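Just query-v4.pdb here, PDB, C-alpha atoms and all ligand atoms:
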```pdb
ATOM      1  CA  MET A 877      17.594   3.503  10.888  1.00  0.00           C
ATOM      2  CA  ILE A 878      17.147   2.660  14.551  1.00  0.00           C
ATOM      3  CA  ILE A 879      15.625   5.361  16.774  1.00  0.00           C
ATOM      4  CA  ASP A 880      16.565   5.425  20.425  1.00  0.00           C
ATOM      5  CA  LEU A 881      13.326   6.434  22.155  1.00  0.00           C
ATOM      6  CA  LYS A 882      14.601   6.634  25.703  1.00  0.00           C
ATOM      7  CA  HIS A 883      14.429  10.440  25.864  1.00  0.00           C
ATOM      8  CA  ILE A 884      10.847  10.323  24.528  1.00  0.00           C
ATOM      9  CA  PHE A 885       9.822   7.750  27.138  1.00  0.00           C
ATOM     10  CA  VAL A 886      11.289   9.726  30.048  1.00  0.00           C
ATOM     11  CA  ASN A 887      10.350  13.270  28.977  1.00  0.00           C
ATOM     12  CA  GLU A 888       6.654  14.107  29.047  1.00  0.00           C
ATOM     13  CA  ASN A 889       5.415  16.212  26.136  1.00  0.00           C
ATOM     14  CA  SER A 890       8.520  15.518  24.078  1.00  0.00           C
ATOM     15  CA  SER A 891       8.297  14.646  20.428  1.00  0.00           C
ATOM     16  CA  TYR A 892      10.469  13.098  17.720  1.00  0.00           C
ATOM     17  CA  PRO A 893       9.631  14.240  14.202  1.00  0.00           C
ATOM     18  CA  LEU A 894       9.860  11.638  11.434  1.00  0.00           C
ATOM     19  CA  ASP A 895      10.699  12.485   7.853  1.00  0.00           C
ATOM     20  CA  TYR A 896      12.479   9.477   6.495  1.00  0.00           C
ATOM     21  CA  SER A 897      12.800   7.636   3.236  1.00  0.00           C
ATOM     22  CA  LEU A 898      13.920   4.091   2.586  1.00  0.00           C
ATOM     23  CA  ASP A 899      14.840   2.284  -0.606  1.00  0.00           C
ATOM     24  CA  LEU A 900      12.664  -0.826  -0.908  1.00  0.00           C
ATOM     25  CA  SER A 901      13.223  -1.354  -4.630  1.00  0.00           C
ATOM     26  CA  HIS A 902      14.297  -4.950  -3.993  1.00  0.00           C
ATOM     27  CA  ILE A 903      10.730  -5.978  -3.051  1.00  0.00           C
ATOM     28  CA  SER A 904       9.316  -8.028  -5.911  1.00  0.00           C
ATOM     29  CA  HIS A 905       5.659  -8.337  -6.804  1.00  0.00           C
ATOM     30  CA  SER A 906       4.269 -10.475  -9.656  1.00  0.00           C
ATOM     31  CA  GLY A 907       7.752 -10.811 -11.123  1.00  0.00           C
ATOM     32  CA  ALA A 908       8.445  -7.063 -11.151  1.00  0.00           C
ATOM     33  CA  PHE A 909       9.956  -4.488  -8.806  1.00  0.00           C
ATOM     34  CA  PRO A 910       7.210  -1.867  -8.378  1.00  0.00           C
ATOM     35  CA  LEU A 911       8.782   0.297  -5.616  1.00  0.00           C
ATOM     36  CA  LYS A 912      11.142   2.203  -7.877  1.00  0.00           C
ATOM     37  CA  LYS A 913      11.177   5.322  -5.686  1.00  0.00           C
ATOM     38  CA  PRO A 914      12.071   5.328  -1.983  1.00  0.00           C
ATOM     39  CA  VAL A 915       9.238   4.780   0.477  1.00  0.00           C
ATOM     40  CA  VAL A 916       8.545   7.815   2.692  1.00  0.00           C
ATOM     41  CA  LEU A 917       7.595   7.893   6.374  1.00  0.00           C
ATOM     42  CA  LYS A 918       6.258  11.211   7.719  1.00  0.00           C
ATOM     43  CA  GLY A 919       4.889  11.948  11.150  1.00  0.00           C
ATOM     44  CA  ALA A 920       6.050  11.942  14.738  1.00  0.00           C
ATOM     45  CA  ILE A 921       6.538   9.896  17.863  1.00  0.00           C
ATOM     46  CA  SER A 922       5.394  11.850  20.885  1.00  0.00           C
ATOM     47  CA  ASN A 923       4.928  11.532  24.612  1.00  0.00           C
ATOM     48  CA  THR A 924       1.621  12.958  25.785  1.00  0.00           C
ATOM     49  CA  SER A 925       1.036  12.438  29.499  1.00  0.00           C
ATOM     50  CA  SER A 926       3.299   9.374  29.403  1.00  0.00           C
ATOM     51  CA  LEU A 927       1.413   7.830  26.507  1.00  0.00           C
ATOM     52  CA  ILE A 928       3.859   7.235  23.647  1.00  0.00           C
ATOM     53  CA  ARG A 929       2.085   7.682  20.324  1.00  0.00           C
ATOM     54  CA  PHE A 930       3.424   6.871  16.883  1.00  0.00           C
ATOM     55  CA  GLU A 931       1.314   8.828  14.374  1.00  0.00           C
ATOM     56  CA  ALA A 932       2.563   8.871  10.822  1.00  0.00           C
ATOM     57  CA  GLU A 933       1.891   8.131   7.205  1.00  0.00           C
ATOM     58  CA  ILE A 934       3.740   5.774   4.903  1.00  0.00           C
ATOM     59  CA  ILE A 935       3.723   6.978   1.307  1.00  0.00           C
ATOM     60  CA  PHE A 936       4.844   4.757  -1.548  1.00  0.00           C
ATOM     61  CA  GLU A 937       4.651   4.904  -5.309  1.00  0.00           C
ATOM     62  CA  PHE A 938       3.623   1.648  -6.980  1.00  0.00           C
ATOM     63  CA  ASP A 939       4.922   1.504 -10.550  1.00  0.00           C
ATOM     64  CA  ALA A 940       3.711  -1.603 -12.401  1.00  0.00           C
ATOM     65  CA  LEU A 941       1.571  -2.785 -15.295  1.00  0.00           C
ATOM     66  CA  CYS A 942      -2.222  -2.532 -15.030  1.00  0.00           C
ATOM     67  CA  ASP A 943      -3.624  -5.915 -14.012  1.00  0.00           C
ATOM     68  CA  ARG A 944      -6.303  -5.718 -16.712  1.00  0.00           C
ATOM     69  CA  CYS A 945      -4.821  -4.005 -19.782  1.00  0.00           C
ATOM     70  CA  GLY A 946      -1.082  -4.202 -19.129  1.00  0.00           C
ATOM     71  CA  ASN A 947      -0.378  -0.488 -19.526  1.00  0.00           C
ATOM     72  CA  PRO A 948       2.356   0.983 -17.314  1.00  0.00           C
ATOM     73  CA  THR A 949       0.586   2.562 -14.333  1.00  0.00           C
ATOM     74  CA  VAL A 950       1.973   4.577 -11.443  1.00  0.00           C
ATOM     75  CA  LYS A 951      -0.126   5.108  -8.332  1.00  0.00           C
ATOM     76  CA  THR A 952       0.669   6.617  -4.956  1.00  0.00           C
ATOM     77  CA  TYR A 953      -0.585   4.754  -1.906  1.00  0.00           C
ATOM     78  CA  LYS A 954      -0.780   6.118   1.628  1.00  0.00           C
ATOM     79  CA  VAL A 955      -0.864   3.931   4.706  1.00  0.00           C
ATOM     80  CA  PRO A 956      -1.742   5.611   8.008  1.00  0.00           C
ATOM     81  CA  VAL A 957       0.209   4.571  11.091  1.00  0.00           C
ATOM     82  CA  SER A 958      -1.443   5.006  14.471  1.00  0.00           C
ATOM     83  CA  LYS A 959       0.123   3.027  17.260  1.00  0.00           C
ATOM     84  CA  SER A 960       1.112   3.204  20.867  1.00  0.00           C
ATOM     85  CA  LEU A 961       4.643   2.292  21.765  1.00  0.00           C
ATOM     86  CA  ALA A 962       5.207   0.257  24.894  1.00  0.00           C
ATOM     87  CA  THR A 963       8.036  -1.664  26.496  1.00  0.00           C
ATOM     88  CA  SER A 964       5.695  -4.509  27.433  1.00  0.00           C
ATOM     89  CA  ILE A 965       2.191  -5.525  26.477  1.00  0.00           C
ATOM     90  CA  GLU A 966      -0.541  -5.724  29.076  1.00  0.00           C
ATOM     91  CA  GLY A 967      -3.718  -7.328  27.844  1.00  0.00           C
ATOM     92  CA  ASP A 968      -4.115  -8.203  24.177  1.00  0.00           C
ATOM     93  CA  ASP A 969      -4.134  -4.900  22.305  1.00  0.00           C
ATOM     94  CA  SER A 970      -1.304  -6.180  20.158  1.00  0.00           C
ATOM     95  CA  ASP A 971      -2.755  -4.652  16.967  1.00  0.00           C
ATOM     96  CA  THR A 972      -2.406  -1.078  18.169  1.00  0.00           C
ATOM     97  CA  ILE A 973       0.633  -1.517  20.391  1.00  0.00           C
ATOM     98  CA  LEU A 974       4.103  -1.695  18.954  1.00  0.00           C
ATOM     99  CA  LEU A 975       6.463  -3.381  21.331  1.00  0.00           C
ATOM    100  CA  VAL A 976       9.849  -1.730  21.909  1.00  0.00           C
ATOM    101  CA  PRO A 977      11.305  -3.627  24.901  1.00  0.00           C
ATOM    102  CA  ASP A 978      14.664  -1.793  24.727  1.00  0.00           C
ATOM    103  CA  MET A 979      13.051   1.566  23.781  1.00  0.00           C
ATOM    104  CA  LYS A 980      14.523   1.287  20.306  1.00  0.00           C
ATOM    105  CA  LEU A 981      12.505   1.309  17.091  1.00  0.00           C
ATOM    106  CA  ASP A 982      13.934  -0.307  13.979  1.00  0.00           C
ATOM    107  CA  VAL A 983      12.262   1.940  11.414  1.00  0.00           C
ATOM    108  CA  ASP A 984      13.571   0.035   8.372  1.00  0.00           C
ATOM    109  CA  ASP A 985      12.186  -3.215   9.686  1.00  0.00           C
ATOM    110  CA  PHE A 986       8.846  -1.590  10.528  1.00  0.00           C
ATOM    111  CA  LEU A 987       8.569   0.048   7.087  1.00  0.00           C
ATOM    112  CA  TYR A 988       9.435  -3.144   5.230  1.00  0.00           C
ATOM    113  CA  THR A 989       6.728  -5.120   7.050  1.00  0.00           C
ATOM    114  CA  GLU A 990       4.045  -2.424   6.707  1.00  0.00           C
ATOM    115  CA  VAL A 991       4.694  -1.905   2.995  1.00  0.00           C
ATOM    116  CA  VAL A 992       4.689  -5.640   2.180  1.00  0.00           C
ATOM    117  CA  VAL A 993       1.315  -6.204   3.873  1.00  0.00           C
ATOM    118  CA  ASN A 994      -0.142  -3.092   2.215  1.00  0.00           C
ATOM    119  CA  LEU A 995       0.886  -3.735  -1.384  1.00  0.00           C
ATOM    120  CA  PRO A 996      -2.216  -3.355  -3.577  1.00  0.00           C
ATOM    121  CA  LEU A 997      -4.065  -6.574  -4.386  1.00  0.00           C
ATOM    122  CA  LYS A 998      -5.377  -5.044  -7.583  1.00  0.00           C
ATOM    123  CA  HIS A 999      -3.443  -2.444  -9.546  1.00  0.00           C
ATOM    124  CA  LEU A1000      -5.577  -0.794 -12.248  1.00  0.00           C
ATOM    125  CA  CYS A1001      -4.848   2.140 -14.579  1.00  0.00           C
ATOM    126  CA  SER A1002      -8.389   3.315 -13.785  1.00  0.00           C
ATOM    127  CA  GLU A1003     -11.305   1.856 -11.839  1.00  0.00           C
ATOM    128  CA  ASP A1004     -13.236   1.260 -15.068  1.00  0.00           C
ATOM    129  CA  CYS A1005     -10.351  -0.084 -17.152  1.00  0.00           C
ATOM    130  CA  LYS A1006     -11.912  -2.110 -19.962  1.00  0.00           C
ATOM    131  CA  GLY A1007      -8.952  -4.463 -20.268  1.00  0.00           C
ATOM    132  CA  ILE A1008      -7.952  -6.171 -23.485  1.00  0.00           C
ATOM    133  CA  CYS A1009     -10.051  -8.170 -25.957  1.00  0.00           C
ATOM    134  CA  PHE A1010      -9.453 -11.820 -25.152  1.00  0.00           C
ATOM    135  CA  LYS A1011      -9.680 -12.676 -28.848  1.00  0.00           C
ATOM    136  CA  CYS A1012      -7.493 -10.098 -30.638  1.00  0.00           C
ATOM    137  CA  GLY A1013      -5.583  -8.555 -27.721  1.00  0.00           C
ATOM    138  CA  LYS A1014      -6.583  -4.968 -28.478  1.00  0.00           C
ATOM    139  CA  ASN A1015      -6.578  -2.523 -25.556  1.00  0.00           C
ATOM    140  CA  LEU A1016     -10.290  -1.758 -25.286  1.00  0.00           C
ATOM    141  CA  ASN A1017      -9.610   1.561 -23.505  1.00  0.00           C
ATOM    142  CA  GLU A1018      -8.414   2.843 -26.886  1.00  0.00           C
ATOM    143  CA  GLY A1019     -11.620   1.863 -28.641  1.00  0.00           C
ATOM    144  CA  LYS A1020     -13.647  -1.156 -29.679  1.00  0.00           C
ATOM    145  CA  CYS A1021     -12.151  -3.903 -31.786  1.00  0.00           C
ATOM    146  CA  ASP A1022     -13.700  -5.572 -34.789  1.00  0.00           C
ATOM    147  CA  CYS A1023     -14.220  -8.932 -33.163  1.00  0.00           C
ATOM    148  CA  LYS A1024     -17.727 -10.253 -33.581  1.00  0.00           C
ATOM    149  CA  ASP A1025     -19.321 -11.550 -30.425  1.00  0.00           C
ATOM    150  CA  ASP A1026     -21.172 -14.287 -32.379  1.00  0.00           C
ATOM    151  CA  ASP A1027     -19.777 -17.107 -30.346  1.00  0.00           C
ATOM    152  CA  ILE A1028     -20.520 -15.408 -27.037  1.00  0.00           C
ATOM    153  CA  ASP A1029     -21.846 -17.710 -24.346  1.00  0.00           C
ATOM    154  CA  PRO A1030     -25.650 -17.872 -24.841  1.00  0.00           C
ATOM    155  CA  ARG A1031     -26.220 -17.146 -21.145  1.00  0.00           C
ATOM    156  CA  LEU A1032     -24.089 -14.001 -21.421  1.00  0.00           C
ATOM    157  CA  ALA A1033     -25.935 -13.046 -24.649  1.00  0.00           C
ATOM    158  CA  ALA A1034     -29.234 -13.296 -22.784  1.00  0.00           C
ATOM    159  CA  LEU A1035     -27.849 -11.081 -20.040  1.00  0.00           C
ATOM    160  CA  ARG A1036     -26.546  -8.586 -22.595  1.00  0.00           C
ATOM    161  CA  ASP A1037     -29.952  -8.426 -24.295  1.00  0.00           C
ATOM    162  CA  LEU A1038     -31.550  -7.862 -20.913  1.00  0.00           C
ATOM    163  CA  LEU A1039     -29.158  -4.988 -20.180  1.00  0.00           C
ATOM    164  CA  ASN A1040     -29.712  -3.465 -23.589  1.00  0.00           C
ATOM    165  CA  ASN A1041     -33.504  -3.369 -23.175  1.00  0.00           C
TER
HETATM  166 ZN    ZN B   1      -5.823  -0.844 -17.468  1.00  0.00          ZN
HETATM  167 ZN    ZN B   2     -11.013  -8.118 -30.370  1.00  0.00          ZN
END
```
Write the structure described by the file as structure tokens, please.
Ligand SMILES: [Zn+2]
Ligand SMILES: [Zn+2]
Amino acid sequence: MIIDLKHIFVNENSSYPLDYSLDLSHISHSGAFPLKKPVVLKGAISNTSSLIRFEAEIIFEFDALCDRCGNPTVKTYKVPVSKSLATSIEGDDSDTILLVPDMKLDVDDFLYTEVVVNLPLKHLCSEDCKGICFKCGKNLNEGKCDCKDDDIDPRLAALRDLLNN
């Protein structure tokens, strides 16, 4: 979708509501396609005293295996958008200014870029996921396994004893 913003730029106190969704299921991440549901953009572009603001939220559901234990995990991520729209950049505020030289905003392009840079670096089923036993492969969130930790690194054993005392 391309939004023509000319009427926003010329009309003070006008506003363009955004409630848009885009299929980005083709984006791959670690060999999978985690964006199974459309990405949502909600907010508005508004002209307040000739300042064009783009205030919105990008909401996407990330559906992939937990990085530690491998269980299927779905999490919703929200990325705030807070930018000024301008037809040319004066100075070097390029992080907060989104350039729209022809007063047109390519929303699909914008969403694609924002989602790609905001994909989670670590995707865990829970913050304290215990992962899997590296010896027997058991999911340690479901309980302890029977592996002995006899051949544990002596330095780690010393640390464990310290923690246990
Ligand atoms: Zn996990
Ligand atoms: Zn084990």
12 Å shell around ligand ZN 2 (chain B) using all atoms listed in the file, listed as JSON, numbers by chain: {"A": [1007, 1008, 1009, 1010, 1011, 1012, 1013, 1014, 1015, 1016, 1017, 1018, 1019, 1020, 1021, 1022, 1023, 1024, 1025]}
Restrict the selected residues to C-alpha atoms and save them as a PDB file, keeping the file's coordinate frame.
```pdb
ATOM      1  CA  GLY A1007      -8.952  -4.463 -20.268  1.00  0.00           C
ATOM      2  CA  ILE A1008      -7.952  -6.171 -23.485  1.00  0.00           C
ATOM      3  CA  CYS A1009     -10.051  -8.170 -25.957  1.00  0.00           C
ATOM      4  CA  PHE A1010      -9.453 -11.820 -25.152  1.00  0.00           C
ATOM      5  CA  LYS A1011      -9.680 -12.676 -28.848  1.00  0.00           C
ATOM      6  CA  CYS A1012      -7.493 -10.098 -30.638  1.00  0.00           C
ATOM      7  CA  GLY A1013      -5.583  -8.555 -27.721  1.00  0.00           C
ATOM      8  CA  LYS A1014      -6.583  -4.968 -28.478  1.00  0.00           C
ATOM      9  CA  ASN A1015      -6.578  -2.523 -25.556  1.00  0.00           C
ATOM     10  CA  LEU A1016     -10.290  -1.758 -25.286  1.00  0.00           C
ATOM     11  CA  ASN A1017      -9.610   1.561 -23.505  1.00  0.00           C
ATOM     12  CA  GLU A1018      -8.414   2.843 -26.886  1.00  0.00           C
ATOM     13  CA  GLY A1019     -11.620   1.863 -28.641  1.00  0.00           C
ATOM     14  CA  LYS A1020     -13.647  -1.156 -29.679  1.00  0.00           C
ATOM     15  CA  CYS A1021     -12.151  -3.903 -31.786  1.00  0.00           C
ATOM     16  CA  ASP A1022     -13.700  -5.572 -34.789  1.00  0.00           C
ATOM     17  CA  CYS A1023     -14.220  -8.932 -33.163  1.00  0.00           C
ATOM     18  CA  LYS A1024     -17.727 -10.253 -33.581  1.00  0.00           C
ATOM     19  CA  ASP A1025     -19.321 -11.550 -30.425  1.00  0.00           C
TER      20      ASP A1025
END
```
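Based on all atoms listed in the file, the protein and nucleic acid residues found within 7 Å of ligand ZN 1 (chain B) are, by chain and then by number, Cys942, Asp943, Arg944, Cys945, Gly946, Asn947, Leu1000, Cys1001, Ser1002, Cys1005, Lys1006 and Gly1007 of chain A.
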Nearby residues, (12.1, 6.6, 8.6) file frame, 8 Å, all atoms listed in the file, as a VMD selection string: chain A and resid 877 894 to 898 916 to 918 983 to 984 987
Requested write-out: C-alpha atoms of the selected residues, as a PDB file, keeping the file's coordinate frame:
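Saved to result-v2.pdb:
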```pdb
ATOM      1  CA  MET A 877      17.594   3.503  10.888  1.00  0.00           C
ATOM      2  CA  LEU A 894       9.860  11.638  11.434  1.00  0.00           C
ATOM      3  CA  ASP A 895      10.699  12.485   7.853  1.00  0.00           C
ATOM      4  CA  TYR A 896      12.479   9.477   6.495  1.00  0.00           C
ATOM      5  CA  SER A 897      12.800   7.636   3.236  1.00  0.00           C
ATOM      6  CA  LEU A 898      13.920   4.091   2.586  1.00  0.00           C
ATOM      7  CA  VAL A 916       8.545   7.815   2.692  1.00  0.00           C
ATOM      8  CA  LEU A 917       7.595   7.893   6.374  1.00  0.00           C
ATOM      9  CA  LYS A 918       6.258  11.211   7.719  1.00  0.00           C
ATOM     10  CA  VAL A 983      12.262   1.940  11.414  1.00  0.00           C
ATOM     11  CA  ASP A 984      13.571   0.035   8.372  1.00  0.00           C
ATOM     12  CA  LEU A 987       8.569   0.048   7.087  1.00  0.00           C
TER      13      LEU A 987
END
```
Within 9 Å of file point (2.9, 9.3, 22.4), counting all atoms listed in the file, expressed as a ChimeraX atom specification: /A:884-885,889-891,920-931,959-961
Gap from atom CA of Lys882 of chain A to atom CA of Asp982 of chain A - Å, one decimal: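 Spanning atom CA of Lys882 of chain A to atom CA of Asp982 of chain A is a straight-line distance of 13.6 Å.
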Length of the atom CA of Ile973 of chain A to atom CA of Asp985 of chain A vector [Å]: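 Taking atom CA of Ile973 of chain A as the start and atom CA of Asp985 of chain A as the end point, the length is 15.8 Å.
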Atom CA of Glu1003 of chain A to atom CA of Lys951 of chain A, distance in Å rounded to a single decimal: 12.2 Å
Hits of the PyMOL selection byres (((chain A and resi 879-881) around 6) and not hetatm) in this structure, as a list in words: Ile878, Lys882, His883, Ile884, Met979, Lys980 and Leu981 of chain A
Among listed residues A:Thr952, A:Pro996, A:Lys912, A:Phe986, nearest Glu937 of chain A (using all atoms listed in the file): A:Thr952
Selected residue of minimal separation from Leu911 of chain A among A:Glu933, A:Asp971, A:Glu888, A:Asp939, counting all atoms listed in the file: A:Asp939
Nearest candidate to Val991 of chain A (options A:Leu974, A:Val886, A:Leu941, A:Val957; using all atoms listed in the file):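 For Val991 of chain A, the nearest of the candidates is A:Val957.
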Option closest in space to Leu997 of chain A, from A:Glu966, A:Val915, A:Phe938, A:Asn887 [counting only C-alpha atoms]: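 Smallest distance to Leu997 of chain A is found for A:Phe938.
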For segment 942-976 of chain A, supply N, CA and C atoms and report the output as a short mmCIF file (atom, residue, chain, number, x, y, z; two decimals), in the coordinates of the input.
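Everything below was put into selection13.cif:
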```cif
data_model
loop_
_atom_site.label_atom_id
_atom_site.label_comp_id
_atom_site.auth_asym_id
_atom_site.auth_seq_id
_atom_site.Cartn_x
_atom_site.Cartn_y
_atom_site.Cartn_z
N CYS A 942 -0.82 -2.36 -15.42
CA CYS A 942 -2.22 -2.53 -15.03
C CYS A 942 -2.59 -4.01 -15.10
N ASP A 943 -3.26 -4.50 -14.07
CA ASP A 943 -3.62 -5.92 -14.01
C ASP A 943 -4.57 -6.32 -15.15
N ARG A 944 -5.32 -5.38 -15.69
CA ARG A 944 -6.30 -5.72 -16.71
C ARG A 944 -5.80 -5.50 -18.14
N CYS A 945 -5.19 -4.32 -18.39
CA CYS A 945 -4.82 -4.00 -19.78
C CYS A 945 -3.32 -4.04 -20.03
N GLY A 946 -2.52 -4.09 -18.95
CA GLY A 946 -1.08 -4.20 -19.13
C GLY A 946 -0.35 -2.90 -19.39
N ASN A 947 -1.05 -1.78 -19.33
CA ASN A 947 -0.38 -0.49 -19.53
C ASN A 947 0.42 -0.10 -18.29
N PRO A 948 1.60 0.52 -18.48
CA PRO A 948 2.36 0.98 -17.31
C PRO A 948 1.53 1.97 -16.50
N THR A 949 1.45 1.76 -15.20
CA THR A 949 0.59 2.56 -14.33
C THR A 949 1.31 2.88 -13.04
N VAL A 950 1.35 4.15 -12.69
CA VAL A 950 1.97 4.58 -11.44
C VAL A 950 0.89 5.13 -10.52
N LYS A 951 0.84 4.60 -9.31
CA LYS A 951 -0.13 5.11 -8.33
C LYS A 951 0.56 5.31 -7.00
N THR A 952 0.12 6.35 -6.28
CA THR A 952 0.67 6.62 -4.96
C THR A 952 -0.30 6.07 -3.90
N TYR A 953 0.23 5.31 -2.99
CA TYR A 953 -0.58 4.75 -1.91
C TYR A 953 -0.12 5.34 -0.58
N LYS A 954 -1.10 5.59 0.31
CA LYS A 954 -0.78 6.12 1.63
C LYS A 954 -1.33 5.19 2.70
N VAL A 955 -0.47 4.83 3.62
CA VAL A 955 -0.86 3.93 4.71
C VAL A 955 -0.73 4.69 6.02
N PRO A 956 -1.85 4.92 6.73
CA PRO A 956 -1.74 5.61 8.01
C PRO A 956 -1.16 4.69 9.08
N VAL A 957 -0.35 5.30 9.96
CA VAL A 957 0.21 4.57 11.09
C VAL A 957 -0.31 5.23 12.35
N SER A 958 -0.95 4.46 13.21
CA SER A 958 -1.44 5.01 14.47
C SER A 958 -1.28 3.94 15.55
N LYS A 959 -0.18 4.06 16.27
CA LYS A 959 0.12 3.03 17.26
C LYS A 959 0.62 3.64 18.57
N SER A 960 0.50 2.84 19.60
CA SER A 960 1.11 3.20 20.87
C SER A 960 2.38 2.39 21.01
N LEU A 961 3.40 3.02 21.52
CA LEU A 961 4.64 2.29 21.76
C LEU A 961 4.71 1.93 23.24
N ALA A 962 5.11 0.70 23.50
CA ALA A 962 5.21 0.26 24.89
C ALA A 962 6.38 -0.70 25.04
N THR A 963 6.91 -0.76 26.25
CA THR A 963 8.04 -1.66 26.50
C THR A 963 7.56 -3.07 26.86
N SER A 964 6.26 -3.18 27.21
CA SER A 964 5.70 -4.51 27.43
C SER A 964 4.20 -4.42 27.16
N ILE A 965 3.61 -5.54 26.81
CA ILE A 965 2.19 -5.52 26.48
C ILE A 965 1.38 -6.06 27.64
N GLU A 966 0.40 -5.26 28.05
CA GLU A 966 -0.54 -5.72 29.08
C GLU A 966 -1.87 -5.90 28.37
N GLY A 967 -2.48 -7.05 28.56
CA GLY A 967 -3.72 -7.33 27.84
C GLY A 967 -3.39 -7.78 26.43
N ASP A 968 -4.37 -7.66 25.52
CA ASP A 968 -4.12 -8.20 24.18
C ASP A 968 -4.39 -7.18 23.08
N ASP A 969 -3.97 -5.94 23.31
CA ASP A 969 -4.13 -4.90 22.30
C ASP A 969 -2.97 -4.90 21.31
N SER A 970 -2.54 -6.09 20.93
CA SER A 970 -1.30 -6.18 20.16
C SER A 970 -1.39 -5.53 18.77
N ASP A 971 -2.63 -5.28 18.29
CA ASP A 971 -2.76 -4.65 16.97
C ASP A 971 -2.38 -3.17 16.99
N THR A 972 -2.66 -2.52 18.11
CA THR A 972 -2.41 -1.08 18.17
C THR A 972 -1.14 -0.75 18.95
N ILE A 973 -0.59 -1.76 19.62
CA ILE A 973 0.63 -1.52 20.39
C ILE A 973 1.84 -2.09 19.66
N LEU A 974 2.85 -1.26 19.56
CA LEU A 974 4.10 -1.70 18.95
C LEU A 974 5.09 -1.85 20.10
N LEU A 975 5.61 -3.06 20.20
CA LEU A 975 6.46 -3.38 21.33
C LEU A 975 7.91 -2.94 21.08
N VAL A 976 8.44 -2.13 21.99
CA VAL A 976 9.85 -1.73 21.91
C VAL A 976 10.50 -1.97 23.28
#
```
